[in-house]
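Here's the structure, in structure tokens; my notes come after.
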Amino acid sequence: MTSPTAPAHTATSPETPLDVGDDERRARAALTRIAEPGDEAVGRWLRRYGPVATLAMLTGQDELPGVSDRRAAGYRVRRARVRPEADLGVIRELGGRFVCPGDEEWPTQLDDLGDQRPIGLWVRGRPSLRMWALRSVALVGARACGAYGSHVAATLAADLAEAGWTVVSGAAYGIDAAAHRGALAAGGATAAVLACGVDVPYPAGHAELLRRVTQQGLVIAELAPGDHPTRSRFVLRNRVIAALTRGTLVVQAQLRSGSLVTARWARQLGRVVMGVPGPVTSALSAGVHELLRGEAQLVTDAPEVIELVGAIGEDLAPPRHGPVLPRDLLGPAAAAVLEALPGRRRTATAEQIARDAGIGLDETTGRLHELHALGFVERDGPNWRLTPPQPRRPSGDGGDNTRIR
């Protein structure tokens, strides 16, 4: 189901003709079995020759331009795995689709990756990937997060989702899971970018979470159905998260956290990089603090995030103020007189107060009477002193006026 708070855009159904032809779609689907995500050599060939010719090169016997024999051999080993018709059939059976550059649903911000742009994206979920990505924020962080990080991530995700923003993450344990769950709990939009096939529940403990994301949001992958993750694929997946969204927010990360890779990609792509500060004594915050010492922006809540990634001049966070105290409402002269009174229950004459305040005696006398009427000062014979603080009452009692010590 699509939440009323989520962007109300649905994808084109698999039966509807799209802009990319069948031959190109089949060729790109086949190439996701041959090339690893972000393969710049294949990206160059796609740009120069197109997907059909690139597939013919990789499945033929001719020498491949610009790559080593070892790499060419790797391509040719993998071409035995090519099965585009079967893979496209699997994604249709899952209720999903294979989205290619040139399709109406393709998010054109992914083109910023240049030759490392995805060959195509396998997508499950009803919403339009392009429309949801227009107002999206990546929320990433440590797998082994603490209670603080989990709470902050879930709260931020829920508030962003309620404000109509799509929360994008990687479905990993820790901060990623908290982000998805926060958005889901708010009935909002969330998208999971995987380092495996969209039909592979990874990690296995998140099978139910991924099912819920598929029902309410989007599950996205570069790898063909059935493919499993590797360490390098997790790192490469992060570039897609960064490119797809308008900004990347890191909540808890150690100095070697993979979420910092996402932040670096976001910075290189000209996206907004944000971090939530944590305890200086926690190693889980060291990576975020290092980001904040550089080009990252410090944020503490959803309005501050939206101000940074939203439309200029339209999504401003409300100004922050501390509590307004009664003395904050005093005029400059009255405030100066109040500041000139001695503390610790000592008294002073009007002349002494006028001297210390740097204000004339008549003005000082008038302000003292004003402060007396407002309850700030009181008379002590010919002198003046600050009104002692009123004793507090214990909560829940019916009138005991004893001071709480």
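Following the order of the structure tokens, chains are lettered A, B, ..., residues in each are numbered from 1, and ligands are numbered from 1.
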
Review point. Segment 119-123 of chain A: which residues within 8 Å, counting only C-alpha atoms, same-chain residues fewer than 3 positions away excluded, as a list in words?
Key: Arg28, Ala29, Leu31, Thr32, Pro37, Gly43, Ile91, Gly96, Arg97, Phe98, Val99, Cys100, Pro101, Gly197, Val198, Leu218, Val219, Ile220, Ala221, Glu222, Leu223, Ala224 and Pro225 of chain A

Exercise for review: Can you pull out every residue within 10 Å of Ser232 of chain A, counting only C-alpha atoms, but drop anything in the same chain fewer than 2 positions away, and send it as a list in words?
Suggested key: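 Residues near the query, excluding close chain neighbours: Glu36, Pro37, Ala195, Pro229, Thr230, Phe234, Val235, Leu236 and Arg237 of chain A.
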
Those selected residues, please, written with N, CA, C and O atoms and delivered as a short mmCIF file (atom, residue, chain, number, x, y, z; two decimals), in the first residue's frame.
data_model
loop_
_atom_site.label_atom_id
_atom_site.label_comp_id
_atom_site.auth_asym_id
_atom_site.auth_seq_id
_atom_site.Cartn_x
_atom_site.Cartn_y
_atom_site.Cartn_z
N GLU A 36 30.53 -6.11 -13.11
CA GLU A 36 30.28 -5.72 -11.73
C GLU A 36 29.72 -4.30 -11.70
O GLU A 36 29.95 -3.51 -12.62
N PRO A 37 28.97 -3.95 -10.66
CA PRO A 37 28.47 -2.57 -10.55
C PRO A 37 29.62 -1.56 -10.62
O PRO A 37 30.69 -1.77 -10.06
N ALA A 195 22.89 -4.70 -2.18
CA ALA A 195 24.14 -5.13 -2.84
C ALA A 195 24.00 -6.57 -3.33
O ALA A 195 24.99 -7.28 -3.47
N PRO A 229 25.55 -10.87 -2.31
CA PRO A 229 26.46 -9.74 -2.06
C PRO A 229 27.89 -10.20 -1.80
O PRO A 229 28.13 -11.33 -1.40
N THR A 230 28.82 -9.29 -2.06
CA THR A 230 30.22 -9.46 -1.68
C THR A 230 30.66 -8.16 -1.01
O THR A 230 29.96 -7.14 -1.08
N PHE A 234 29.04 -4.14 -1.60
CA PHE A 234 28.50 -3.21 -0.61
C PHE A 234 29.09 -1.82 -0.81
O PHE A 234 28.39 -0.82 -0.76
N VAL A 235 30.39 -1.76 -1.03
CA VAL A 235 31.05 -0.46 -1.23
C VAL A 235 30.54 0.21 -2.49
O VAL A 235 30.24 1.41 -2.50
N LEU A 236 30.39 -0.57 -3.57
CA LEU A 236 29.94 0.00 -4.84
C LEU A 236 28.47 0.43 -4.77
O LEU A 236 28.06 1.40 -5.42
N ARG A 237 27.69 -0.29 -3.98
CA ARG A 237 26.28 0.07 -3.81
C ARG A 237 26.12 1.47 -3.25
O ARG A 237 25.17 2.19 -3.56
#

Practice item. Output as an MDAnalysis selection string all residues of segment 246-399 of chain A that backbone DSSP marks as helix (DSSP H, G or I). Key: chainID A and resid 259:268 283:293 302:309 326:329 332:340 350:357 361:373

Check your understanding: Which one is closest to Glu105 of chain A: A:Arg124, A:Arg345, A:Arg130, A:Arg264? Count only C-alpha atoms.
Key -> A:Arg130

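The spacing separating atom CA of Gln216 of chain A from atom CA of Gly275 of chain A amounts to 26.9 Å.
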
Review point. Quick one: residues within 12 Å of Arg293 of chain A, only C-alpha atoms counted, chain neighbours fewer than 3 positions away excluded, as a PyMOL selection string?
Key: chain A and resi 273-275+277+286-290+296-298

Using all heavy atoms, can you export the residues from the last selection as a PDB file, in the first residue's frame?
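Below is the file that was written, again36.pdb:
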ATOM      1  N   VAL A 273      26.105  16.864   2.348  1.00  0.00           N
ATOM      2  CA  VAL A 273      26.576  15.866   3.315  1.00  0.00           C
ATOM      3  C   VAL A 273      26.277  16.388   4.712  1.00  0.00           C
ATOM      4  O   VAL A 273      26.614  17.527   5.042  1.00  0.00           O
ATOM      5  CB  VAL A 273      28.083  15.586   3.163  1.00  0.00           C
ATOM      6  CG1 VAL A 273      28.531  14.524   4.170  1.00  0.00           C
ATOM      7  CG2 VAL A 273      28.399  15.139   1.747  1.00  0.00           C
ATOM      8  N   MET A 274      25.632  15.558   5.538  1.00  0.00           N
ATOM      9  CA  MET A 274      25.202  15.975   6.869  1.00  0.00           C
ATOM     10  C   MET A 274      25.596  14.918   7.898  1.00  0.00           C
ATOM     11  O   MET A 274      25.756  13.744   7.560  1.00  0.00           O
ATOM     12  CB  MET A 274      23.683  16.161   6.899  1.00  0.00           C
ATOM     13  CG  MET A 274      23.157  17.241   5.958  1.00  0.00           C
ATOM     14  SD  MET A 274      21.390  17.017   5.570  1.00  0.00           S
ATOM     15  CE  MET A 274      21.475  15.660   4.382  1.00  0.00           C
ATOM     16  N   GLY A 275      25.737  15.333   9.129  1.00  0.00           N
ATOM     17  CA  GLY A 275      26.058  14.406  10.205  1.00  0.00           C
ATOM     18  C   GLY A 275      25.364  14.810  11.491  1.00  0.00           C
ATOM     19  O   GLY A 275      25.148  15.991  11.744  1.00  0.00           O
ATOM     20  N   PRO A 277      25.822  14.800  15.437  1.00  0.00           N
ATOM     21  CA  PRO A 277      26.895  14.629  16.427  1.00  0.00           C
ATOM     22  C   PRO A 277      26.490  13.656  17.522  1.00  0.00           C
ATOM     23  O   PRO A 277      25.303  13.438  17.772  1.00  0.00           O
ATOM     24  CB  PRO A 277      27.083  16.042  16.979  1.00  0.00           C
ATOM     25  CG  PRO A 277      25.743  16.689  16.810  1.00  0.00           C
ATOM     26  CD  PRO A 277      25.180  16.127  15.538  1.00  0.00           C
ATOM     27  N   ALA A 286      33.021   8.899  16.108  1.00  0.00           N
ATOM     28  CA  ALA A 286      34.286   9.459  15.626  1.00  0.00           C
ATOM     29  C   ALA A 286      34.245   9.757  14.133  1.00  0.00           C
ATOM     30  O   ALA A 286      34.738  10.787  13.673  1.00  0.00           O
ATOM     31  CB  ALA A 286      35.433   8.507  15.946  1.00  0.00           C
ATOM     32  N   GLY A 287      33.653   8.861  13.351  1.00  0.00           N
ATOM     33  CA  GLY A 287      33.583   9.078  11.904  1.00  0.00           C
ATOM     34  C   GLY A 287      32.707  10.262  11.546  1.00  0.00           C
ATOM     35  O   GLY A 287      33.023  11.045  10.646  1.00  0.00           O
ATOM     36  N   VAL A 288      31.570  10.397  12.243  1.00  0.00           N
ATOM     37  CA  VAL A 288      30.682  11.542  11.998  1.00  0.00           C
ATOM     38  C   VAL A 288      31.374  12.845  12.369  1.00  0.00           C
ATOM     39  O   VAL A 288      31.307  13.839  11.631  1.00  0.00           O
ATOM     40  CB  VAL A 288      29.377  11.388  12.799  1.00  0.00           C
ATOM     41  CG1 VAL A 288      28.458  12.574  12.544  1.00  0.00           C
ATOM     42  CG2 VAL A 288      28.667  10.102  12.434  1.00  0.00           C
ATOM     43  N   HIS A 289      32.061  12.846  13.490  1.00  0.00           N
ATOM     44  CA  HIS A 289      32.744  14.072  13.916  1.00  0.00           C
ATOM     45  C   HIS A 289      33.846  14.463  12.930  1.00  0.00           C
ATOM     46  O   HIS A 289      34.087  15.657  12.699  1.00  0.00           O
ATOM     47  CB  HIS A 289      33.318  13.888  15.325  1.00  0.00           C
ATOM     48  CG  HIS A 289      32.256  13.741  16.364  1.00  0.00           C
ATOM     49  ND1 HIS A 289      32.507  13.274  17.629  1.00  0.00           N
ATOM     50  CD2 HIS A 289      30.917  13.994  16.319  1.00  0.00           C
ATOM     51  CE1 HIS A 289      31.383  13.258  18.321  1.00  0.00           C
ATOM     52  NE2 HIS A 289      30.407  13.684  17.547  1.00  0.00           N
ATOM     53  N   GLU A 290      34.503  13.467  12.351  1.00  0.00           N
ATOM     54  CA  GLU A 290      35.515  13.770  11.334  1.00  0.00           C
ATOM     55  C   GLU A 290      34.866  14.405  10.114  1.00  0.00           C
ATOM     56  O   GLU A 290      35.413  15.341   9.513  1.00  0.00           O
ATOM     57  CB  GLU A 290      36.257  12.484  10.941  1.00  0.00           C
ATOM     58  CG  GLU A 290      37.497  12.712  10.087  1.00  0.00           C
ATOM     59  CD  GLU A 290      38.588  13.481  10.816  1.00  0.00           C
ATOM     60  OE1 GLU A 290      38.614  13.476  12.068  1.00  0.00           O
ATOM     61  OE2 GLU A 290      39.404  14.119  10.136  1.00  0.00           O
ATOM     62  N   ALA A 296      30.930  18.499   5.986  1.00  0.00           N
ATOM     63  CA  ALA A 296      29.582  18.090   6.358  1.00  0.00           C
ATOM     64  C   ALA A 296      28.897  19.170   7.190  1.00  0.00           C
ATOM     65  O   ALA A 296      29.543  19.948   7.892  1.00  0.00           O
ATOM     66  CB  ALA A 296      29.622  16.775   7.130  1.00  0.00           C
ATOM     67  N   GLN A 297      27.573  19.187   7.108  1.00  0.00           N
ATOM     68  CA  GLN A 297      26.762  20.125   7.869  1.00  0.00           C
ATOM     69  C   GLN A 297      26.201  19.421   9.102  1.00  0.00           C
ATOM     70  O   GLN A 297      25.730  18.282   9.015  1.00  0.00           O
ATOM     71  CB  GLN A 297      25.589  20.633   7.016  1.00  0.00           C
ATOM     72  CG  GLN A 297      26.001  21.301   5.723  1.00  0.00           C
ATOM     73  CD  GLN A 297      26.602  22.666   5.955  1.00  0.00           C
ATOM     74  OE1 GLN A 297      26.160  23.395   6.845  1.00  0.00           O
ATOM     75  NE2 GLN A 297      27.592  23.027   5.173  1.00  0.00           N
ATOM     76  N   LEU A 298      26.247  20.082  10.239  1.00  0.00           N
ATOM     77  CA  LEU A 298      25.700  19.514  11.461  1.00  0.00           C
ATOM     78  C   LEU A 298      24.187  19.696  11.470  1.00  0.00           C
ATOM     79  O   LEU A 298      23.670  20.799  11.257  1.00  0.00           O
ATOM     80  CB  LEU A 298      26.330  20.193  12.674  1.00  0.00           C
ATOM     81  CG  LEU A 298      26.003  19.612  14.053  1.00  0.00           C
ATOM     82  CD1 LEU A 298      27.161  19.877  15.007  1.00  0.00           C
ATOM     83  CD2 LEU A 298      24.714  20.183  14.627  1.00  0.00           C
TER      84      LEU A 298
END

Review point. Could you pull out the strand (DSSP E or B) residues of segment 9-236 of chain A from DSSP and send them as a list in words?
Key: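 The strand (DSSP E or B) subset of segment 9-236 of chain A is Thr10, Arg97, Phe98, Val99, Leu121, Trp122, Val123, Arg124, Pro127, Ser136, Val137, Ala138, Leu139, Val140, Gly141, Thr166, Val167, Val168, Ser169, Thr190, Ala191, Ala192, Val193, Leu194, Leu218, Val219, Ile220 and Ala221 of chain A.
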